[in-house]
$ cat model_13.txt   # compact mmCIF, C-alpha atoms and all ligand atoms
# COMPACT_ATOMS: atom_id res chain seq x y z
CA MET B 26 116.08 88.99 99.41
CA GLY B 27 118.77 91.58 98.76
CA CYS B 28 119.52 94.76 100.65
CA SER B 29 117.08 97.41 101.76
CA LEU B 30 117.52 100.94 100.46
CA LYS B 31 116.44 104.27 101.89
CA PRO B 32 113.62 106.04 100.02
CA THR B 33 116.13 108.67 98.78
CA GLU B 34 118.33 105.88 97.38
CA VAL B 35 115.35 104.33 95.60
CA ILE B 36 114.62 107.69 94.00
CA GLN B 37 118.23 108.15 92.89
CA SER B 38 118.24 104.68 91.43
CA VAL B 39 114.95 105.25 89.56
CA LEU B 40 116.01 108.69 88.27
CA ALA B 41 119.31 107.22 87.03
CA GLY B 42 121.13 110.51 86.63
CA ARG B 43 118.12 112.61 85.54
CA THR B 44 118.34 116.13 86.96
CA PHE B 45 116.06 118.71 88.57
CA GLN B 46 116.37 121.18 85.71
CA PRO B 47 112.82 122.29 84.80
CA ALA B 48 111.88 121.54 81.20
CA LYS B 49 108.96 123.97 81.41
CA ALA B 50 107.48 126.58 83.74
CA GLU B 51 104.87 124.26 85.21
CA GLY B 52 104.30 120.50 85.29
CA LYS B 53 100.72 119.25 84.96
CA ALA B 54 99.09 115.87 85.36
CA PHE B 55 95.95 113.89 86.15
CA ALA B 56 95.71 110.53 87.91
CA PRO B 57 92.55 108.52 88.58
CA VAL B 58 91.19 107.32 91.89
CA ASN B 59 91.49 103.55 92.22
CA ILE B 60 89.26 101.27 94.25
CA ALA B 61 90.79 98.00 95.40
CA LEU B 62 88.78 94.86 94.70
CA CYS B 63 91.45 92.88 96.57
CA LYS B 64 92.89 95.08 99.29
CA TYR B 65 96.35 96.16 100.36
CA TRP B 66 96.46 96.04 104.16
CA GLY B 67 99.81 95.67 105.93
CA LYS B 68 103.43 96.42 105.10
CA ARG B 69 106.60 94.40 105.20
CA ASP B 70 108.59 97.68 105.03
CA THR B 71 107.08 100.91 106.32
CA ALA B 72 109.72 103.30 104.93
CA LEU B 73 109.31 102.02 101.36
CA ASN B 74 105.58 101.15 101.61
CA LEU B 75 106.28 97.55 100.62
CA PRO B 76 103.15 95.44 101.07
CA VAL B 77 102.75 92.04 102.69
CA THR B 78 100.52 90.93 99.80
CA SER B 79 99.69 91.84 96.23
CA SER B 80 96.45 93.74 95.57
CA LEU B 81 94.16 94.48 92.63
CA SER B 82 92.17 97.60 91.82
CA MET B 83 90.00 99.29 89.26
CA SER B 84 90.68 102.89 88.27
CA LEU B 85 87.81 105.33 88.00
CA GLY B 86 88.36 106.95 84.62
CA ALA B 87 87.96 110.72 84.78
CA ILE B 88 87.52 110.84 88.58
CA GLY B 89 90.78 111.68 90.32
CA ALA B 90 93.32 114.40 91.07
CA HIS B 91 94.51 117.19 88.77
CA THR B 92 97.84 118.63 89.87
CA ARG B 93 100.00 121.55 88.71
CA ILE B 94 103.47 122.12 90.13
CA ALA B 95 105.95 124.96 89.59
CA PRO B 96 109.30 125.66 91.30
CA VAL B 97 109.30 128.72 93.56
CA ASP B 98 112.03 130.52 95.53
CA GLY B 99 110.07 131.21 98.70
CA PRO B 100 108.29 128.69 100.94
CA ASP B 101 105.94 126.05 99.54
CA GLN B 102 102.45 127.19 98.64
CA VAL B 103 99.81 124.52 98.42
CA TRP B 104 96.24 124.91 97.18
CA LEU B 105 93.68 122.15 97.52
CA ASN B 106 90.47 122.67 95.56
CA ASP B 107 91.27 126.42 95.28
CA GLU B 108 91.78 126.81 99.02
CA LYS B 109 95.26 127.81 100.18
CA LEU B 110 96.45 125.47 102.93
CA THR B 111 98.55 126.50 105.90
CA ASP B 112 101.91 124.85 106.66
CA ALA B 113 100.29 123.17 109.66
CA ASP B 114 97.87 121.25 107.42
CA PRO B 115 98.69 117.52 107.46
CA PHE B 116 98.25 117.41 103.69
CA VAL B 117 101.05 119.99 103.31
CA SER B 118 103.43 118.24 105.70
CA ARG B 119 102.88 114.94 103.94
CA LEU B 120 103.57 116.50 100.54
CA ARG B 121 106.66 118.26 101.88
CA ALA B 122 108.03 115.10 103.46
CA TYR B 123 107.62 113.37 100.11
CA LEU B 124 109.17 116.18 98.06
CA ASP B 125 112.11 116.30 100.52
CA LEU B 126 113.01 112.81 99.33
CA PHE B 127 113.61 114.26 95.86
CA ASP B 128 115.31 117.59 96.67
CA PRO B 129 114.92 119.18 100.11
CA ALA B 130 116.18 122.56 98.87
CA GLN B 131 113.55 122.98 96.17
CA HIS B 132 110.20 124.57 97.01
CA TYR B 133 107.05 124.58 94.90
CA THR B 134 103.70 126.10 94.22
CA ILE B 135 101.26 123.20 93.98
CA HIS B 136 97.63 123.30 92.93
CA THR B 137 95.62 120.13 93.39
CA ALA B 138 91.98 119.65 92.56
CA SER B 139 90.52 116.44 93.88
CA ASP B 140 87.15 115.07 92.79
CA VAL B 141 86.63 113.14 96.02
CA PRO B 142 86.48 114.18 99.69
CA VAL B 143 90.06 114.11 100.96
CA ALA B 144 90.73 111.59 103.76
CA ALA B 145 87.23 110.12 103.67
CA GLY B 146 88.33 106.65 102.63
CA LEU B 147 87.83 107.37 98.97
CA ALA B 148 91.45 106.89 97.92
CA SER B 149 92.26 110.56 97.48
CA SER B 150 95.87 110.08 98.61
CA ALA B 151 96.37 107.46 95.90
CA SER B 152 95.32 109.71 93.04
CA GLY B 153 97.04 112.69 94.73
CA PHE B 154 100.49 111.11 94.95
CA ALA B 155 100.22 109.52 91.50
CA ALA B 156 99.27 112.90 89.99
CA LEU B 157 102.14 114.56 91.86
CA VAL B 158 104.71 112.10 90.50
CA LEU B 159 103.34 112.48 86.98
CA ALA B 160 103.42 116.29 87.35
CA LEU B 161 107.08 116.16 88.52
CA ASP B 162 107.90 113.96 85.53
CA ASP B 163 106.23 116.53 83.29
CA LEU B 164 107.95 119.51 84.97
CA TYR B 165 111.45 118.04 84.74
CA GLY B 166 110.96 116.25 81.43
CA TRP B 167 112.17 112.93 82.88
CA SER B 168 110.03 110.72 80.58
CA LEU B 169 110.11 107.86 83.08
CA ASP B 170 108.43 104.58 82.13
CA PRO B 171 105.22 103.58 83.99
CA THR B 172 107.03 101.03 86.17
CA SER B 173 109.43 103.69 87.46
CA LEU B 174 106.53 106.11 88.00
CA SER B 175 104.65 103.42 89.91
CA ILE B 176 107.66 102.82 92.21
CA LEU B 177 107.99 106.57 92.89
CA ALA B 178 104.26 106.92 93.58
CA ARG B 179 104.42 103.97 96.03
CA LEU B 180 106.93 105.90 98.16
CA GLY B 181 104.24 108.57 98.67
CA SER B 182 101.38 106.19 99.42
CA GLY B 183 101.28 102.47 98.72
CA SER B 184 98.00 102.45 96.85
CA ALA B 185 99.20 105.39 94.69
CA CYS B 186 101.35 102.97 92.69
CA ARG B 187 98.10 101.60 91.18
CA SER B 188 96.78 105.04 90.17
CA ILE B 189 99.44 105.36 87.45
CA TYR B 190 97.13 103.27 85.25
CA GLN B 191 93.51 103.19 84.15
CA GLY B 192 91.57 99.92 83.97
CA PHE B 193 92.25 96.86 86.12
CA VAL B 194 95.59 97.11 87.89
CA GLU B 195 97.57 94.61 89.95
CA TRP B 196 100.17 95.78 92.43
CA GLN B 197 102.67 92.94 92.55
CA ALA B 198 103.98 92.74 96.11
CA GLY B 199 107.49 91.70 95.03
CA GLU B 200 110.08 90.01 97.22
CA GLN B 201 113.15 92.19 97.10
CA ALA B 202 114.18 94.21 100.15
CA ASP B 203 114.77 97.28 97.97
CA GLY B 204 111.23 97.01 96.53
CA MET B 205 112.40 97.36 92.93
CA ASP B 206 110.05 94.49 92.05
CA SER B 207 107.07 96.00 93.92
CA TYR B 208 105.03 98.02 91.45
CA ALA B 209 101.72 98.00 89.62
CA VAL B 210 100.97 96.53 86.21
CA ARG B 211 97.88 97.02 84.09
CA LEU B 212 95.96 93.82 83.45
CA ASP B 213 95.19 92.97 79.86
CA ALA B 214 91.43 92.96 80.43
CA ASP B 215 88.48 95.25 80.28
CA TRP B 216 84.88 95.07 81.39
CA PRO B 217 83.00 98.16 80.21
CA ALA B 218 79.73 97.09 81.87
CA LEU B 219 81.22 96.93 85.38
CA ARG B 220 80.24 99.91 87.53
CA ILE B 221 81.33 101.29 90.86
CA GLY B 222 79.23 103.74 92.83
CA TRP B 223 79.52 104.89 96.39
CA ILE B 224 77.27 105.77 99.27
CA GLU B 225 78.42 108.50 101.59
CA CYS B 226 77.97 107.49 105.21
CA SER B 227 80.05 110.39 106.56
CA SER B 228 82.40 113.01 105.10
CA ALA B 229 84.06 113.65 108.46
CA PRO B 230 87.80 112.94 108.70
CA LYS B 231 88.48 109.38 109.79
CA PRO B 232 89.48 108.62 113.39
CA ILE B 233 92.76 106.97 112.40
CA GLY B 234 94.62 107.14 109.10
CA SER B 235 95.10 104.01 107.03
CA ARG B 236 98.84 104.14 107.65
CA ALA B 237 98.53 103.96 111.45
CA GLY B 238 95.53 101.62 111.19
CA MET B 239 97.37 99.04 109.14
CA LYS B 240 100.46 99.25 111.34
CA ARG B 241 98.39 98.58 114.46
CA THR B 242 96.59 95.72 112.72
CA VAL B 243 99.85 94.02 111.67
CA GLU B 244 101.33 94.45 115.14
CA THR B 245 98.38 93.47 117.35
CA SER B 246 95.64 91.61 115.46
CA ALA B 247 95.59 87.85 115.91
CA LEU B 248 93.49 87.60 112.73
CA TYR B 249 96.18 89.20 110.57
CA ALA B 250 97.98 85.84 110.26
CA ALA B 251 95.09 84.60 108.11
CA TRP B 252 95.14 87.63 105.78
CA PRO B 253 97.84 86.58 103.24
CA ASP B 254 96.04 83.28 102.49
CA GLN B 255 92.72 85.09 102.11
CA VAL B 256 94.33 87.51 99.64
CA ALA B 257 95.92 84.68 97.64
CA ARG B 258 92.51 83.03 97.21
CA ASP B 259 90.64 86.26 96.48
CA LEU B 260 93.22 87.57 94.02
CA ALA B 261 93.04 84.37 91.97
CA ALA B 262 89.22 84.37 92.07
CA ILE B 263 88.98 88.06 91.11
CA LYS B 264 91.40 87.72 88.19
CA GLN B 265 89.48 84.74 86.87
CA ALA B 266 86.16 86.57 87.32
CA ILE B 267 87.48 89.59 85.41
CA ALA B 268 88.75 87.39 82.56
CA GLN B 269 85.36 85.62 82.34
CA HIS B 270 83.18 88.65 83.12
CA ASP B 271 81.61 86.60 85.91
CA PHE B 272 79.97 89.30 88.02
CA GLU B 273 78.80 87.12 90.91
CA ALA B 274 82.25 85.58 91.31
CA LEU B 275 83.85 89.02 91.23
CA GLY B 276 81.40 90.61 93.63
CA SER B 277 81.42 87.83 96.17
CA ALA B 278 85.23 87.61 96.27
CA ALA B 279 85.64 91.42 96.46
CA GLU B 280 83.01 91.81 99.19
CA SER B 281 84.42 88.97 101.24
CA ASN B 282 87.93 90.39 100.85
CA ALA B 283 86.87 93.81 102.13
CA LEU B 284 84.99 92.36 105.10
CA ALA B 285 87.92 90.09 105.97
CA MET B 286 90.23 93.11 105.92
CA HIS B 287 87.92 94.92 108.32
CA ALA B 288 87.75 91.80 110.50
CA THR B 289 91.54 91.93 110.92
CA MET B 290 91.14 95.55 112.06
CA TRP B 291 88.36 94.81 114.57
CA ALA B 292 90.67 92.25 116.18
CA ALA B 293 93.46 94.81 116.66
CA ARG B 294 94.14 96.26 120.11
CA PRO B 295 92.84 98.86 120.53
CA PRO B 296 90.38 98.03 117.73
CA VAL B 297 90.65 99.84 114.41
CA SER B 298 87.11 100.54 113.27
CA TYR B 299 86.04 102.85 110.47
CA TRP B 300 82.41 101.75 110.64
CA LEU B 301 79.59 104.04 111.62
CA PRO B 302 75.96 103.04 112.24
CA GLU B 303 75.17 104.24 108.67
CA THR B 304 77.81 101.84 107.35
CA VAL B 305 76.02 98.87 108.89
CA VAL B 306 72.63 100.09 107.65
CA THR B 307 74.04 100.37 104.11
CA LEU B 308 75.72 96.96 104.14
CA ARG B 309 72.52 95.30 105.38
CA ALA B 310 70.56 97.04 102.62
CA VAL B 311 73.04 95.64 100.07
CA TRP B 312 72.64 92.11 101.44
CA GLN B 313 68.86 92.43 101.52
CA ALA B 314 68.74 93.75 97.95
CA ARG B 315 70.84 90.79 96.86
CA GLU B 316 68.56 88.31 98.64
CA GLN B 317 65.72 89.85 96.67
CA GLY B 318 67.53 89.15 93.41
CA LEU B 319 69.44 92.37 92.70
CA PRO B 320 73.06 91.64 91.71
CA VAL B 321 74.96 94.13 93.88
CA TYR B 322 78.00 93.76 96.13
CA ALA B 323 79.79 96.06 98.55
CA THR B 324 83.39 96.98 99.18
CA MET B 325 84.90 99.35 101.75
CA ASP B 326 88.27 100.92 102.41
CA ALA B 327 89.73 102.72 105.42
CA GLY B 328 86.66 104.84 105.99
CA PRO B 329 82.93 104.59 106.74
CA ASN B 330 81.70 104.90 103.14
CA VAL B 331 80.43 101.94 101.17
CA LYS B 332 81.18 101.38 97.50
CA LEU B 333 78.77 99.34 95.40
CA LEU B 334 79.70 97.04 92.54
CA TYR B 335 77.04 96.43 89.90
CA LEU B 336 76.53 96.05 86.16
CA ALA B 337 75.43 98.81 83.79
CA ASP B 338 72.30 96.85 82.81
CA ASP B 339 71.05 96.93 86.41
CA ARG B 340 71.61 100.65 86.83
CA GLU B 341 67.95 101.68 87.05
CA ARG B 342 67.12 99.02 89.61
CA ILE B 343 70.22 99.94 91.63
CA ARG B 344 69.28 103.62 91.57
CA ALA B 345 65.78 102.80 92.74
CA ALA B 346 67.09 100.66 95.61
CA PHE B 347 69.85 103.15 96.57
CA PRO B 348 68.66 106.69 95.74
CA GLN B 349 71.62 108.18 97.61
CA LEU B 350 74.15 106.41 95.32
CA HIS B 351 76.88 108.52 93.70
CA GLU B 352 77.41 106.84 90.37
CA VAL B 353 80.83 106.42 88.82
CA SER B 354 81.25 105.23 85.30
CA PRO B 355 84.88 104.48 84.55
CA ALA B 356 85.77 105.33 80.95
C1 LIG B 401 92.22 100.26 102.69
O1 LIG B 401 97.82 103.38 100.34
O2 LIG B 401 96.56 104.86 101.94
O3 LIG B 401 92.55 101.70 100.82
O4 LIG B 401 100.76 103.06 101.95
O5 LIG B 401 100.34 103.93 104.23
O6 LIG B 401 99.88 105.39 102.25
P1 LIG B 401 99.92 103.98 102.81
O7 LIG B 401 98.43 103.42 102.79
P2 LIG B 401 97.27 103.58 101.71
O8 LIG B 401 96.33 102.37 102.11
C2 LIG B 401 95.21 102.04 101.39
C3 LIG B 401 94.49 100.92 102.05
C4 LIG B 401 93.12 100.61 101.50
C5 LIG B 401 93.16 99.37 100.61
C6 LIG B 401 93.68 99.56 99.21
O9 LIG B 401 93.52 100.64 98.60
O10 LIG B 401 94.22 98.57 98.69

$ encode --input "model_13.txt" --output "structure tokens"
Amino acid sequence: MGCSLKPTEVIQSVLAGRTFQPAKAEGKAFAPVNIALCKYWGKRDTALNLPVTSSLSMSLGAIGAHTRIAPVDGPDQVWLNDEKLTDADPFVSRLRAYLDLFDPAQHYTIHTASDVPVAAGLASSASGFAALVLALDDLYGWSLDPTSLSILARLGSGSACRSIYQGFVEWQAGEQADGMDSYAVRLDADWPALRIGWIECSSAPKPIGSRAGMKRTVETSALYAAWPDQVARDLAAIKQAIAQHDFEALGSAAESNALAMHATMWAARPPVSYWLPETVVTLRAVWQAREQGLPVYATMDAGPNVKLLYLADDRERIRAAFPQLHEVSPA
């Protein structure tokens, strides 16, 4: 429906005449990591990061990216966790490509502190791009509404559009070619007892980025045709489970959704696999614990690490069964 736009045209349309005149010396922002319970995997437009399906995530409270940005005359200077990055670093080129969409002539000093290992499948690009957009909004005093911020963040990384919000967040896929109806909304629901933790299976960089991995899956996996129907079912089940605080319904739909996403990847040619032997060991331990009566479910993204879903009341039993668990308690 409608006409596609270039990313620069989307930005102009969203900014609606706002300028690049700094309102302060430095813009500052925080954005949380989000973990998808119903995954985004596959694009209908790669330039605008428009997804094939909607997706649903939970933000992780105080865990995320803190970003400071200030205009500078010389070349860009980027620090990640207090380490200055070289121009050859892929993180720097990705940031630069994104900032070029706004104003190619303007350079910046950027400091980002991320609470999670970058590029380890723990959604660091999502919180990173969301924090960057919020920091630009702060620097230039744009005062954009959350929908506009979500659209801008999506242009950096699809899943970043969900990190504009805390809580449960749905990224509505939209139908328009220009993607102006493809943004995240916060669900009117909370579930303070729901916990996410994660088990590190490897902190090494992944063999293939999610961007290339999803492109190859869409183009070559025979199983991808089944993915939109799976998402439609899982999204409905997860929303209902959140509304009713039905943990088993939530966990089983989220786990099945993640495994189905990985199944589409395994069927790609060449296969897209983020799994390591430790991943399989961890998943089997989750299934065994559940058979023995412990309510725990797994989800995974584009990396080897496994995230666990559980309830606050079961925390001690979960810690005993998984001593290597990194606990996360969203605020
Ligand atoms: C597996 O948002 O990193 O984490 O839009 O190409 O930047 P790009 O992809 P990205 O993909 C995330 C995929 C996922 C699932 C999810 O978070 O929904």

$ closest_atom_pairs --input "model_13.txt" --of "chain B" --to "ligand LIG 401 (chain B)" --cutoff "8 Å" --atoms "all atoms listed in the file" --output "CSV"
residue,atom,partner,partner_atom,distance
B:Asn59,CA,B:LIG401,O9,7.3
B:Ile60,CA,B:LIG401,O9,6.1
B:Ala61,CA,B:LIG401,O10,4.8
B:Leu62,CA,B:LIG401,O10,7.7
B:Cys63,CA,B:LIG401,O10,6.7
B:Lys64,CA,B:LIG401,O10,3.8
B:Tyr65,CA,B:LIG401,O10,3.6
B:Trp66,CA,B:LIG401,C3,5.7
B:Lys68,CA,B:LIG401,O4,7.8
B:Thr71,CA,B:LIG401,O5,7.7
B:Asn74,CA,B:LIG401,O4,5.2
B:Leu75,CA,B:LIG401,O4,7.9
B:Ser80,CA,B:LIG401,O10,6.2
B:Leu81,CA,B:LIG401,O10,7.3
B:Ser82,CA,B:LIG401,O10,7.2
B:Gly146,CA,B:LIG401,O3,6.8
B:Leu147,CA,B:LIG401,O3,7.6
B:Ala148,CA,B:LIG401,O3,6.0
B:Ser150,CA,B:LIG401,O2,6.2
B:Ala151,CA,B:LIG401,O1,6.2
B:Arg179,CA,B:LIG401,O4,7.0
B:Leu180,CA,B:LIG401,O4,7.8
B:Gly181,CA,B:LIG401,O6,6.5
B:Ser182,CA,B:LIG401,O6,3.3
B:Gly183,CA,B:LIG401,O4,3.3
B:Ser184,CA,B:LIG401,O1,3.6
B:Ala185,CA,B:LIG401,O1,6.2
B:Gly234,CA,B:LIG401,O2,7.8
B:Ser235,CA,B:LIG401,O8,5.3
B:Arg236,CA,B:LIG401,O5,3.7
B:Ala237,CA,B:LIG401,O5,7.4
B:Met239,CA,B:LIG401,O5,7.5
B:Met325,CA,B:LIG401,C1,7.4
B:Asp326,CA,B:LIG401,C1,4.0
B:Ala327,CA,B:LIG401,C1,4.4
B:Gly328,CA,B:LIG401,C1,7.9

$ axis_aligned_box --input "model_13.txt" --around "segment 266-271 of chain B" --padding-each-side "3 Å" --output "JSON"
{"center_x": 85.2, "center_y": 87.6, "center_z": 84.8, "size_x": 13.1, "size_y": 10.0, "size_z": 11.0}

$ closest_residue --input "model_13.txt" --among "B:Ala257, B:Leu219, B:Ala268, B:Val243" --to "Asp338 of chain B" --atoms "all atoms listed in the file"
B:Leu219

$ atom_distance --input "model_13.txt" --atom1 "atom CA of Asp203 of chain B" --atom2 "atom CA of Ala155 of chain B"
20.1 Å

$ atom_distance --input "model_13.txt" --atom1 "atom CA of Gln197 of chain B" --atom2 "atom CA of Ser354 of chain B"
25.7 Å

$ residues_around --input "model_13.txt" --residues "Ile189 of chain B" --least-positions-apart "3" --cutoff "9 Å" --atoms "all atoms listed in the file" --output "short mmCIF file (atom, residue, chain, number, x, y, z; two decimals) with C-alpha atoms, in the frame of the given file"
data_model
loop_
_atom_site.label_atom_id
_atom_site.label_comp_id
_atom_site.auth_asym_id
_atom_site.auth_seq_id
_atom_site.Cartn_x
_atom_site.Cartn_y
_atom_site.Cartn_z
CA ALA B 56 95.71 110.53 87.91
CA PRO B 57 92.55 108.52 88.58
CA SER B 152 95.32 109.71 93.04
CA ALA B 155 100.22 109.52 91.50
CA ALA B 156 99.27 112.90 89.99
CA LEU B 159 103.34 112.48 86.98
CA PRO B 171 105.22 103.58 83.99
CA THR B 172 107.03 101.03 86.17
CA LEU B 174 106.53 106.11 88.00
CA SER B 175 104.65 103.42 89.91
CA ALA B 178 104.26 106.92 93.58
CA ALA B 185 99.20 105.39 94.69
CA CYS B 186 101.35 102.97 92.69
CA ALA B 209 101.72 98.00 89.62
#

$ atom_distance --input "model_13.txt" --atom1 "atom CA of Leu73 of chain B" --atom2 "atom CA of Gly204 of chain B"
7.2 Å

$ closest_residue --input "model_13.txt" --among "B:Asp140, B:Asp339, B:Glu244, B:Asp259" --to "Thr289 of chain B" --atoms "all atoms listed in the file"
B:Glu244

$ closest_residue --input "model_13.txt" --among "B:Thr78, B:Thr134, B:Asn330, B:Gln46" --to "Ala251 of chain B" --atoms "all atoms listed in the file"
B:Thr78

$ closest_residue --input "model_13.txt" --among "B:Ala266, B:Val58, B:Leu177, B:Ala250" --to "Leu126 of chain B" --atoms "only C-alpha atoms"
B:Leu177

$ closest_residue --input "model_13.txt" --among "B:Trp252, B:Tyr335, B:Trp312, B:Trp167" --to "Trp216 of chain B" --atoms "only C-alpha atoms"
B:Tyr335

$ closest_residue --input "model_13.txt" --among "B:Pro217, B:Glu280, B:Phe116, B:Ala87" --to "Ser188 of chain B" --atoms "all atoms listed in the file"
B:Ala87

$ residues_around --input "model_13.txt" --residues "segment 42-44 of chain B" --least-positions-apart "2" --cutoff "12 Å" --atoms "all atoms listed in the file" --output "list of chain:residue names"
B:Ile36, B:Gln37, B:Ser38, B:Val39, B:Leu40, B:Gln46, B:Pro47, B:Ala48, B:Phe127, B:Asp128, B:Leu161, B:Asp162, B:Leu164, B:Tyr165, B:Gly166, B:Trp167, B:Ser168, B:Leu169

$ write_last_selection --input "model_13.txt" --atoms "C-alpha atoms" --output "compact mmCIF listing (two decimals), keeping the file's coordinate frame"
# COMPACT_ATOMS: atom_id res chain seq x y z
CA ILE B 36 114.62 107.69 94.00
CA GLN B 37 118.23 108.15 92.89
CA SER B 38 118.24 104.68 91.43
CA VAL B 39 114.95 105.25 89.56
CA LEU B 40 116.01 108.69 88.27
CA GLN B 46 116.37 121.18 85.71
CA PRO B 47 112.82 122.29 84.80
CA ALA B 48 111.88 121.54 81.20
CA PHE B 127 113.61 114.26 95.86
CA ASP B 128 115.31 117.59 96.67
CA LEU B 161 107.08 116.16 88.52
CA ASP B 162 107.90 113.96 85.53
CA LEU B 164 107.95 119.51 84.97
CA TYR B 165 111.45 118.04 84.74
CA GLY B 166 110.96 116.25 81.43
CA TRP B 167 112.17 112.93 82.88
CA SER B 168 110.03 110.72 80.58
CA LEU B 169 110.11 107.86 83.08

$ residues_near_point --input "model_13.txt" --point "(79.4, 89.0, 87.9)" --cutoff "12 Å" --atoms "only C-alpha atoms" --output "number ranges by chain"
B: 216, 218-220, 262-263, 265-279, 319-322, 334-339

$ write_last_selection --input "model_13.txt" --atoms "C-alpha atoms" --output "CSV table (one decimal), in the coordinates of the input"
chain,number,residue,atom,x,y,z
B,216,TRP,CA,84.9,95.1,81.4
B,218,ALA,CA,79.7,97.1,81.9
B,219,LEU,CA,81.2,96.9,85.4
B,220,ARG,CA,80.2,99.9,87.5
B,262,ALA,CA,89.2,84.4,92.1
B,263,ILE,CA,89.0,88.1,91.1
B,265,GLN,CA,89.5,84.7,86.9
B,266,ALA,CA,86.2,86.6,87.3
B,267,ILE,CA,87.5,89.6,85.4
B,268,ALA,CA,88.8,87.4,82.6
B,269,GLN,CA,85.4,85.6,82.3
B,270,HIS,CA,83.2,88.6,83.1
B,271,ASP,CA,81.6,86.6,85.9
B,272,PHE,CA,80.0,89.3,88.0
B,273,GLU,CA,78.8,87.1,90.9
B,274,ALA,CA,82.2,85.6,91.3
B,275,LEU,CA,83.8,89.0,91.2
B,276,GLY,CA,81.4,90.6,93.6
B,277,SER,CA,81.4,87.8,96.2
B,278,ALA,CA,85.2,87.6,96.3
B,279,ALA,CA,85.6,91.4,96.5
B,319,LEU,CA,69.4,92.4,92.7
B,320,PRO,CA,73.1,91.6,91.7
B,321,VAL,CA,75.0,94.1,93.9
B,322,TYR,CA,78.0,93.8,96.1
B,334,LEU,CA,79.7,97.0,92.5
B,335,TYR,CA,77.0,96.4,89.9
B,336,LEU,CA,76.5,96.0,86.2
B,337,ALA,CA,75.4,98.8,83.8
B,338,ASP,CA,72.3,96.8,82.8
B,339,ASP,CA,71.0,96.9,86.4

$ residues_near_point --input "model_13.txt" --point "(71.5, 103.8, 103.1)" --cutoff "8 Å" --atoms "only C-alpha atoms" --output "VMD selection string"
chain B and resid 224 226 303 to 304 306 to 307 310 347 349

$ residues_around --input "model_13.txt" --residues "Tyr133 of chain B" --least-positions-apart "2" --cutoff "6 Å" --atoms "all atoms listed in the file" --output "short mmCIF file (atom, residue, chain, number, x, y, z; two decimals) with C-alpha atoms, in the frame of the given file"
data_model
loop_
_atom_site.label_atom_id
_atom_site.label_comp_id
_atom_site.auth_asym_id
_atom_site.auth_seq_id
_atom_site.Cartn_x
_atom_site.Cartn_y
_atom_site.Cartn_z
CA ALA B 95 105.95 124.96 89.59
CA PRO B 96 109.30 125.66 91.30
CA VAL B 97 109.30 128.72 93.56
CA ASP B 101 105.94 126.05 99.54
#

$ residues_around --input "model_13.txt" --residues "Leu248 of chain B" --least-positions-apart "5" --cutoff "12 Å" --atoms "all atoms listed in the file" --output "ChimeraX atom specification"
/B:242-243,253-255,285-294,296
